[in-house]
$ cat run24.tsv   # TSV, C-alpha atoms
chain	number	residue	atom	x	y	z
A	1	MET	CA	110.35	33.62	152.45
A	2	GLY	CA	112.62	36.59	151.66
A	3	SER	CA	114.33	34.69	148.86
A	4	ASN	CA	110.87	33.72	147.41
A	5	LEU	CA	109.88	37.41	147.34
A	6	GLY	CA	113.15	38.29	145.65
A	7	ARG	CA	112.58	35.53	143.05
A	8	ASP	CA	109.04	36.88	142.37
A	9	HIS	CA	110.40	40.39	141.82
A	10	ARG	CA	113.03	39.08	139.45
A	11	THR	CA	110.35	37.11	137.52
A	12	HIS	CA	108.14	40.19	137.24
A	13	LEU	CA	111.10	42.33	136.15
A	14	LEU	CA	112.07	39.77	133.47
A	15	ALA	CA	108.47	39.58	132.23
A	16	GLY	CA	108.34	43.39	132.07
A	17	ILE	CA	111.58	43.58	130.09
A	18	MET	CA	110.32	40.92	127.67
A	19	LEU	CA	107.04	42.83	127.17
A	20	LEU	CA	108.95	46.05	126.47
A	21	ALA	CA	111.20	44.23	124.03
A	22	LEU	CA	108.17	42.79	122.20
A	23	ALA	CA	106.51	46.22	122.10
A	24	GLY	CA	109.70	47.59	120.57
A	25	CYS	CA	109.38	45.07	117.73
A	26	GLN	CA	105.89	46.32	116.86
A	27	THR	CA	105.48	49.02	114.24
A	28	THR	CA	102.73	51.63	114.10
A	29	SER	CA	103.26	52.34	110.38
A	30	PRO	CA	100.35	50.97	108.31
A	31	THR	CA	102.61	49.78	105.48
A	32	THR	CA	103.75	46.44	104.23
A	33	GLY	CA	106.57	45.36	101.96
A	34	THR	CA	110.30	45.95	101.89
A	35	SER	CA	110.89	46.66	98.21
A	36	GLY	CA	111.77	50.32	98.67
A	37	VAL	CA	108.59	51.51	96.93
A	38	SER	CA	107.27	54.79	98.27
A	39	TYR	CA	104.41	57.13	97.47
A	40	GLY	CA	105.09	60.67	96.33
A	41	ASP	CA	103.14	63.87	95.86
A	42	ALA	CA	101.09	63.64	92.65
A	43	LYS	CA	101.11	67.45	92.45
A	44	ALA	CA	104.89	67.83	92.82
A	45	VAL	CA	106.92	69.37	90.00
A	46	GLU	CA	108.26	66.43	88.01
A	47	THR	CA	111.68	66.99	86.42
A	48	VAL	CA	112.81	63.44	85.69
A	49	THR	CA	113.28	63.97	81.93
A	50	THR	CA	112.39	66.58	79.32
A	51	ASP	CA	109.56	64.36	78.01
A	52	LEU	CA	106.03	65.55	78.57
A	53	GLY	CA	105.25	64.70	82.18
A	54	SER	CA	102.61	64.93	84.86
A	55	THR	CA	103.37	68.58	85.69
A	56	ASP	CA	103.03	69.57	82.03
A	57	ILE	CA	99.71	67.75	81.66
A	58	GLN	CA	98.42	69.30	84.90
A	59	MET	CA	99.55	72.83	83.97
A	60	ILE	CA	98.04	72.59	80.46
A	61	SER	CA	94.71	71.23	81.77
A	62	GLU	CA	94.54	73.87	84.48
A	63	LYS	CA	95.19	76.77	82.12
A	64	MET	CA	92.65	75.50	79.58
A	65	THR	CA	89.96	74.98	82.24
A	66	GLN	CA	90.55	78.46	83.67
A	67	GLY	CA	90.32	79.96	80.19
A	68	LEU	CA	87.21	78.04	79.20
A	69	ILE	CA	85.27	78.75	82.39
A	70	GLN	CA	85.62	82.49	81.74
A	71	THR	CA	84.08	82.36	78.26
A	72	PRO	CA	80.47	83.56	77.83
A	73	GLU	CA	79.76	80.46	75.70
A	74	ILE	CA	80.59	78.08	78.53
A	75	GLN	CA	78.68	80.18	81.07
A	76	THR	CA	75.63	80.16	78.75
A	77	LEU	CA	76.09	76.43	78.15
A	78	ILE	CA	75.90	75.86	81.92
A	79	LYS	CA	72.78	78.03	82.29
A	80	LYS	CA	70.93	76.43	79.34
A	81	ARG	CA	72.16	72.92	80.11
A	82	GLN	CA	73.64	72.60	76.63
A	83	LEU	CA	76.21	69.91	75.94
A	84	LEU	CA	79.94	69.85	75.28
A	85	MET	CA	82.14	67.15	73.82
A	86	ALA	CA	85.86	66.73	73.27
A	87	SER	CA	87.31	65.54	69.99
A	88	PRO	CA	90.65	63.72	70.25
A	89	VAL	CA	93.53	66.17	70.63
A	90	LYS	CA	96.15	65.59	67.93
A	91	ASN	CA	99.56	64.60	69.22
A	92	LYS	CA	102.04	66.19	66.78
A	93	THR	CA	105.05	65.70	69.04
A	94	SER	CA	107.65	62.99	68.56
A	95	GLU	CA	106.62	61.34	71.84
A	96	TYR	CA	103.87	58.89	72.55
A	97	PHE	CA	101.34	59.87	75.18
A	98	ASP	CA	97.59	59.68	75.46
A	99	THR	CA	96.18	63.16	74.79
A	100	ARG	CA	92.97	62.11	76.53
A	101	LEU	CA	94.87	62.75	79.75
A	102	ILE	CA	94.42	66.43	78.95
A	103	THR	CA	90.86	66.51	77.59
A	104	ASP	CA	89.54	64.15	80.26
A	105	THR	CA	90.95	66.41	82.99
A	106	VAL	CA	89.55	69.54	81.34
A	107	LEU	CA	86.10	67.93	81.00
A	108	THR	CA	86.16	66.67	84.59
A	109	GLN	CA	87.11	70.09	85.93
A	110	LEU	CA	84.44	71.79	83.81
A	111	GLN	CA	81.85	69.30	84.99
A	112	LYS	CA	82.59	70.26	88.58
A	113	ASN	CA	81.37	73.73	87.57
A	114	GLY	CA	78.13	72.43	86.06
A	115	VAL	CA	79.14	71.74	82.46
A	116	LYS	CA	77.43	68.69	80.96
A	117	TYR	CA	79.35	66.76	78.35
A	118	VAL	CA	78.67	63.81	76.09
A	119	ILE	CA	80.93	60.92	75.34
A	120	GLU	CA	82.66	60.22	72.03
A	121	GLY	CA	85.35	58.07	70.48
A	122	GLU	CA	86.31	54.97	72.45
A	123	ASP	CA	83.54	55.50	75.00
A	124	MET	CA	80.92	55.71	72.25
A	125	GLN	CA	81.50	52.06	71.29
A	126	ASN	CA	80.68	50.95	74.84
A	127	GLN	CA	77.60	53.19	74.78
A	128	THR	CA	76.24	51.81	71.49
A	129	ASP	CA	77.08	48.24	72.55
A	130	GLU	CA	74.98	48.66	75.68
A	131	LEU	CA	72.08	50.26	73.76
A	132	MET	CA	72.16	47.36	71.28
A	133	ARG	CA	72.31	44.79	74.06
A	134	GLN	CA	69.29	46.22	75.82
A	135	ASN	CA	67.22	46.67	72.64
A	136	GLN	CA	68.27	43.95	70.23
A	137	SER	CA	69.56	40.99	72.22
A	138	GLY	CA	66.08	39.89	73.31
A	139	LEU	CA	67.39	39.45	76.84
A	140	TYR	CA	65.77	42.48	78.42
A	141	SER	CA	62.19	43.38	79.33
A	142	LYS	CA	61.03	46.19	77.02
A	143	SER	CA	59.50	48.12	79.92
A	144	LYS	CA	62.75	47.89	81.92
A	145	SER	CA	65.25	48.83	79.20
A	146	VAL	CA	66.36	52.18	77.79
A	147	LYS	CA	65.13	53.33	74.38
A	148	MET	CA	67.15	53.81	71.21
A	149	GLY	CA	67.25	57.21	69.52
A	150	LYS	CA	67.27	59.31	72.68
A	151	MET	CA	70.92	60.31	72.85
A	152	HIS	CA	71.68	64.03	72.96
A	153	GLY	CA	74.07	65.81	70.64
A	154	ALA	CA	76.59	68.38	71.78
A	155	LYS	CA	76.38	72.07	70.86
A	156	TYR	CA	80.09	72.73	71.24
A	157	ARG	CA	83.19	70.61	70.93
A	158	LEU	CA	86.75	70.98	72.10
A	159	ASP	CA	89.49	70.33	69.59
A	160	GLY	CA	93.20	71.00	69.56
A	161	SER	CA	96.71	69.80	69.10
A	162	ILE	CA	100.02	69.60	70.89
A	163	SER	CA	103.30	70.12	69.07
A	164	SER	CA	106.93	70.17	70.06
A	165	ILE	CA	110.28	71.42	68.80
A	166	VAL	CA	113.30	69.50	70.04
A	167	LYS	CA	116.84	70.90	69.82
A	168	LYS	CA	119.91	68.95	70.88
A	169	THR	CA	123.59	69.70	71.18
A	170	SER	CA	126.29	67.48	72.62
A	171	ASP	CA	125.55	68.68	76.13
A	172	LEU	CA	122.05	70.21	76.02
A	173	LYS	CA	118.56	69.11	75.11
A	174	ASP	CA	115.86	71.75	74.79
A	175	VAL	CA	112.20	70.94	74.17
A	176	TYR	CA	109.49	73.48	73.44
A	177	TYR	CA	105.88	72.31	73.71
A	178	LYS	CA	102.83	74.20	72.53
A	179	MET	CA	99.30	73.05	73.22
A	180	ASN	CA	96.40	74.71	71.45
A	181	LEU	CA	92.78	74.14	72.41
A	182	ARG	CA	89.69	75.51	70.66
A	183	LEU	CA	86.00	75.66	71.47
A	184	ILE	CA	84.00	75.16	68.27
A	185	GLU	CA	80.28	75.55	67.76
A	186	ILE	CA	79.42	72.31	65.99
A	187	GLU	CA	76.50	73.61	63.90
A	188	THR	CA	78.38	76.54	62.41
A	189	GLY	CA	82.01	75.49	62.71
A	190	ILE	CA	82.83	78.85	64.29
A	191	VAL	CA	85.75	78.84	66.72
A	192	GLU	CA	84.33	80.68	69.72
A	193	TRP	CA	87.42	80.51	71.92
A	194	SER	CA	91.00	79.35	71.71
A	195	ASP	CA	94.00	79.40	73.97
A	196	GLU	CA	97.58	78.20	74.03
A	197	LYS	CA	99.98	76.96	76.65
A	198	GLU	CA	103.71	77.00	76.04
A	199	ILE	CA	106.25	75.01	78.03
A	200	ARG	CA	110.04	74.96	77.69
A	201	LYS	CA	112.13	72.22	79.28
A	202	SER	CA	115.90	71.93	79.13
A	203	ALA	CA	118.33	69.31	80.38
A	204	ARG	CA	122.12	69.15	80.50
A	205	ARG	CA	123.44	65.82	79.25
B	206	MET	CA	111.59	81.34	106.96
B	207	GLN	CA	108.01	82.03	106.19
B	208	PHE	CA	106.23	85.31	105.58
B	209	PHE	CA	102.51	85.61	105.84
B	210	ILE	CA	101.36	88.37	103.60
B	211	GLY	CA	97.88	89.70	104.10
B	212	ALA	CA	94.94	88.40	106.03
B	213	PHE	CA	91.72	86.79	104.98
B	214	LYS	CA	88.80	89.16	104.23
B	215	PRO	CA	86.33	87.56	101.86
B	216	LEU	CA	83.70	90.31	101.77
B	217	ALA	CA	85.59	93.18	100.19
B	218	LEU	CA	85.65	93.52	96.42
B	219	ALA	CA	89.05	94.52	95.11
B	220	VAL	CA	92.41	95.50	96.44
B	221	CYS	CA	95.81	96.70	95.50
B	222	PHE	CA	98.40	96.50	98.24
B	223	ALA	CA	102.11	96.98	97.92
B	224	LEU	CA	103.54	94.22	100.04
B	225	THR	CA	107.03	94.25	101.37
B	226	PRO	CA	108.82	91.21	102.73
B	227	MET	CA	109.44	91.59	106.41
B	228	GLY	CA	112.99	90.31	106.57
B	229	ALA	CA	114.34	87.40	108.49
B	230	ALA	CA	112.60	88.16	111.74
B	231	GLY	CA	110.85	84.79	111.96
B	232	ALA	CA	107.85	82.83	110.79
B	233	ASN	CA	104.14	83.59	110.68
B	234	GLN	CA	104.30	87.35	110.49
B	235	ALA	CA	101.27	89.19	109.19
B	236	SER	CA	101.17	92.37	107.19
B	237	ALA	CA	98.38	94.63	105.88
B	238	PRO	CA	95.13	92.78	105.14
B	239	VAL	CA	94.33	91.91	101.55
B	240	SER	CA	90.76	91.34	100.40
B	241	HIS	CA	89.68	87.90	99.22
B	242	GLY	CA	92.85	86.18	100.34
B	243	TYR	CA	96.50	86.26	101.17
B	244	ALA	CA	99.87	84.92	100.13
B	245	THR	CA	102.53	82.96	101.96
B	246	LEU	CA	106.13	82.89	100.88
B	247	THR	CA	108.62	80.30	102.02
B	248	GLN	CA	112.20	80.86	100.99
B	249	ASP	CA	115.84	80.38	101.70
B	250	GLY	CA	117.98	82.69	103.86
B	251	SER	CA	118.73	85.11	101.03
B	252	ALA	CA	115.17	86.50	101.00
B	253	ALA	CA	115.71	87.43	97.35
B	254	ILE	CA	112.08	86.90	96.37
B	255	GLY	CA	109.27	89.12	97.57
B	256	ILE	CA	105.62	89.54	96.70
B	257	SER	CA	105.54	93.19	95.70
B	258	ASP	CA	101.88	93.38	94.69
B	259	LEU	CA	98.74	91.33	95.21
B	260	ARG	CA	95.34	92.15	93.74
B	261	ALA	CA	92.07	90.28	93.68
B	262	THR	CA	88.70	91.04	92.23
B	263	ARG	CA	85.49	89.11	91.68
B	264	GLN	CA	84.11	89.23	88.16
B	265	ASP	CA	81.52	87.02	86.39
B	266	ARG	CA	81.26	84.93	89.59
B	267	LEU	CA	84.99	84.11	89.34
B	268	LEU	CA	87.82	85.31	91.50
B	269	ARG	CA	90.68	86.89	89.55
B	270	VAL	CA	94.01	87.19	91.26
B	271	GLN	CA	97.18	88.92	90.17
B	272	ALA	CA	100.42	88.68	92.14
B	273	GLU	CA	103.75	90.28	91.33
B	274	LEU	CA	106.94	88.56	92.44
B	275	ASN	CA	110.05	90.66	92.79
B	276	ASN	CA	113.58	89.26	92.58
B	277	THR	CA	116.00	91.60	94.34
B	278	SER	CA	119.05	89.45	93.62
B	279	ALA	CA	121.12	89.63	90.45
B	280	THR	CA	120.65	85.94	89.65
B	281	ASN	CA	117.61	84.21	88.16
B	282	ARG	CA	115.43	82.38	90.67
B	283	GLN	CA	113.24	79.36	90.10
B	284	VAL	CA	110.20	79.51	92.37
B	285	TYR	CA	107.19	77.23	92.69
B	286	TYR	CA	103.66	78.36	93.41
B	287	ARG	CA	100.10	77.21	93.63
B	288	PHE	CA	96.76	78.56	94.77
B	289	GLU	CA	94.29	77.18	97.24
B	290	TRP	CA	90.65	78.12	96.70
B	291	MET	CA	88.16	78.39	99.54
B	292	ASP	CA	84.52	79.35	100.07
B	293	GLN	CA	83.24	81.92	102.57
B	294	GLN	CA	83.56	79.42	105.41
B	295	GLY	CA	87.20	78.79	104.55
B	296	MET	CA	86.45	75.31	103.25
B	297	ALA	CA	88.47	74.11	100.25
B	298	VAL	CA	86.35	74.12	97.09
B	299	TRP	CA	88.93	72.67	94.72
B	300	ASP	CA	91.43	69.83	94.71
B	301	ASP	CA	95.09	70.58	95.39
B	302	GLU	CA	96.55	72.39	92.43
B	303	PRO	CA	99.85	71.18	90.95
B	304	TRP	CA	102.94	73.10	91.94
B	305	LYS	CA	103.94	75.29	89.03
B	306	PRO	CA	107.52	76.33	88.28
B	307	LEU	CA	108.22	79.97	87.47
B	308	ILE	CA	111.46	81.77	86.63
B	309	VAL	CA	111.89	85.25	88.06
B	310	TYR	CA	114.82	86.89	86.32
B	311	GLY	CA	117.48	88.71	88.33
B	312	ASN	CA	116.53	92.25	89.38
B	313	ASN	CA	113.16	91.78	87.71
B	314	LYS	CA	109.48	91.27	88.43
B	315	GLN	CA	107.19	88.49	87.25
B	316	THR	CA	103.41	88.62	87.32
B	317	ILE	CA	101.17	85.65	88.07
B	318	SER	CA	97.65	86.16	86.77
B	319	VAL	CA	94.98	83.53	87.35
B	320	SER	CA	91.26	83.01	87.55
B	321	SER	CA	89.65	80.69	90.07
B	322	PRO	CA	88.81	77.29	88.59
B	323	SER	CA	85.45	77.20	90.38
B	324	PHE	CA	82.47	79.53	90.77
B	325	LYS	CA	82.34	78.51	94.43
B	326	ALA	CA	85.69	80.11	95.28
B	327	THR	CA	85.37	83.34	97.24
B	328	SER	CA	88.83	83.47	98.74
B	329	PHE	CA	92.31	82.23	97.98
B	330	ARG	CA	95.73	81.54	99.38
B	331	LEU	CA	98.77	81.88	97.17
B	332	VAL	CA	101.64	79.69	98.31
B	333	VAL	CA	105.08	80.51	96.91
B	334	GLN	CA	108.17	78.42	97.55
B	335	ASN	CA	111.64	79.75	96.83
B	336	PRO	CA	113.85	76.79	97.70
B	337	ASN	CA	117.05	78.00	95.99

$ encode --input "run24.tsv" --output "structure tokens"
Amino acid sequence: MGSNLGRDHRTHLLAGIMLLALAGCQTTSPTTGTSGVSYGDAKAVETVTTDLGSTDIQMISEKMTQGLIQTPEIQTLIKKRQLLMASPVKNKTSEYFDTRLITDTVLTQLQKNGVKYVIEGEDMQNQTDELMRQNQSGLYSKSKSVKMGKMHGAKYRLDGSISSIVKKTSDLKDVYYKMNLRLIEIETGIVEWSDEKEIRKSARR
Amino acid sequence: MQFFIGAFKPLALAVCFALTPMGAAGANQASAPVSHGYATLTQDGSAAIGISDLRATRQDRLLRVQAELNNTSATNRQVYYRFEWMDQQGMAVWDDEPWKPLIVYGNNKQTISVSSPSFKATSFRLVVQNPN
């Protein structure tokens, strides 16, 4: 009897140890994969190379938005529900990057403050394709499709450029970026507002 | 160590306070209240960087903030800063801003001057990191 009790205790102890060992194998981290990939802070200062990077794009967009939102033209545009558009920003640097990263961010941040904007460029093709499909393909009910000739034109447009000067020595690379953005009244061509953002990046080689 | 500079008072209109770092006495210390917002400064043991002036005013429905960083050491310091924008209830009204690098030259002052990115912002927090 006593030896049976002792055996039971030993069995329970063994089962307990096995349960603890199994629990130790479990992980509470909701991740999968072992490739060493990790997520970082998208707002961190990026200093990987002197090329235009995420921090530069974010700083330029932020400064331009803060400048634009203060202008009387933009405040009137919000009140009167007039429209804004962004022409493609010219990339005059020696690097390739999509300048829409900047204008899209500026437009998105302005829209959060009540600015309405219209599409252009690449997005316009999708827009006209859809208008054509609904009106000319014969596939849609006339009463349930949108009408042609109702699109709204913008009163103001954003335009600008980004340029760079690169200097190199045997042990140093220095890059100076300058982004210029302008707010232009489309009807008159008058530049109502403009601002610049300068960035200098240096790297020892 | 971390200095808390100012306290949150969203109803006042404009301020100008000379703010002095409070030394290495520990974290979460508060100093004189500053209207519309406050600043926090995290830095290394040298305590070379201080926020010597902080002003805020509301104009055209936007909050305008000017902060002056003071470098008491002889060497240049690279600091990082960003603002957080809140409404009257203290709720964030804007996404996280990117951290921005700023050089404060040795024995010199550097001014940060910004406008809130949103009409909804009524208060701010300036966060400065001096990790040198």

$ interface_residues --input "run24.tsv" --of "chain B" --to "chain A" --cutoff "10 Å" --atoms "all atoms listed in the file" --output "list in words"
Gln264, Asp265, Arg266, Leu267, Tyr285, Arg287, Trp299, Asp300, Asp301, Glu302, Pro303, Trp304, Lys305, Pro306, Val319, Ser320, Ser321, Pro322, Ser323, Phe324 and Lys325 of chain B

$ write_last_selection --input "run24.tsv" --atoms "C-alpha atoms" --output "short mmCIF file (atom, residue, chain, number, x, y, z; two decimals), keeping the file's coordinate frame"
data_model
loop_
_atom_site.label_atom_id
_atom_site.label_comp_id
_atom_site.auth_asym_id
_atom_site.auth_seq_id
_atom_site.Cartn_x
_atom_site.Cartn_y
_atom_site.Cartn_z
CA GLN B 264 84.11 89.23 88.16
CA ASP B 265 81.52 87.02 86.39
CA ARG B 266 81.26 84.93 89.59
CA LEU B 267 84.99 84.11 89.34
CA TYR B 285 107.19 77.23 92.69
CA ARG B 287 100.10 77.21 93.63
CA TRP B 299 88.93 72.67 94.72
CA ASP B 300 91.43 69.83 94.71
CA ASP B 301 95.09 70.58 95.39
CA GLU B 302 96.55 72.39 92.43
CA PRO B 303 99.85 71.18 90.95
CA TRP B 304 102.94 73.10 91.94
CA LYS B 305 103.94 75.29 89.03
CA PRO B 306 107.52 76.33 88.28
CA VAL B 319 94.98 83.53 87.35
CA SER B 320 91.26 83.01 87.55
CA SER B 321 89.65 80.69 90.07
CA PRO B 322 88.81 77.29 88.59
CA SER B 323 85.45 77.20 90.38
CA PHE B 324 82.47 79.53 90.77
CA LYS B 325 82.34 78.51 94.43
#

$ closest_residue --input "run24.tsv" --among "A:Tyr177, A:Lys197, A:Glu130, A:Lys142" --to "A:Ile60" --atoms "all atoms listed in the file"
A:Lys197

$ residues_near_point --input "run24.tsv" --point "(66.3, 53.8, 71.1)" --cutoff "10 Å" --atoms "all atoms listed in the file" --output "PyMOL selection string"
chain A and resi 131-132+134-135+145-151

$ atom_distance --input "run24.tsv" --atom1 "atom CA of A:Trp193" --atom2 "atom CA of A:Leu77"
13.6 Å

$ atom_distance --input "run24.tsv" --atom1 "atom CA of B:Gln283" --atom2 "atom CA of B:Pro336"
8.0 Å

$ closest_residue --input "run24.tsv" --among "B:Lys314, B:Arg269, B:Arg282, B:Arg330" --to "B:Ser257" --atoms "all atoms listed in the file"
B:Lys314

$ atom_distance --input "run24.tsv" --atom1 "atom CA of B:Asp258" --atom2 "atom CA of B:Val333"
13.4 Å

$ residues_around --input "run24.tsv" --residues "stretch 87-99 of chain A" --least-positions-apart "2" --cutoff "7 Å" --atoms "only C-alpha atoms" --output "JSON list (two decimals) with C-alpha atoms, in the coordinates of the input"
[["chain", "number", "residue", "atom", "x", "y", "z"],
["A", 85, "MET", "CA", 82.14, 67.15, 73.82],
["A", 101, "LEU", "CA", 94.87, 62.75, 79.75],
["A", 102, "ILE", "CA", 94.42, 66.43, 78.95],
["A", 103, "THR", "CA", 90.86, 66.51, 77.59],
["A", 157, "ARG", "CA", 83.19, 70.61, 70.93],
["A", 158, "LEU", "CA", 86.75, 70.98, 72.10],
["A", 159, "ASP", "CA", 89.49, 70.33, 69.59],
["A", 160, "GLY", "CA", 93.20, 71.00, 69.56],
["A", 161, "SER", "CA", 96.71, 69.80, 69.10],
["A", 162, "ILE", "CA", 100.02, 69.60, 70.89],
["A", 163, "SER", "CA", 103.30, 70.12, 69.07],
["A", 164, "SER", "CA", 106.93, 70.17, 70.06]]
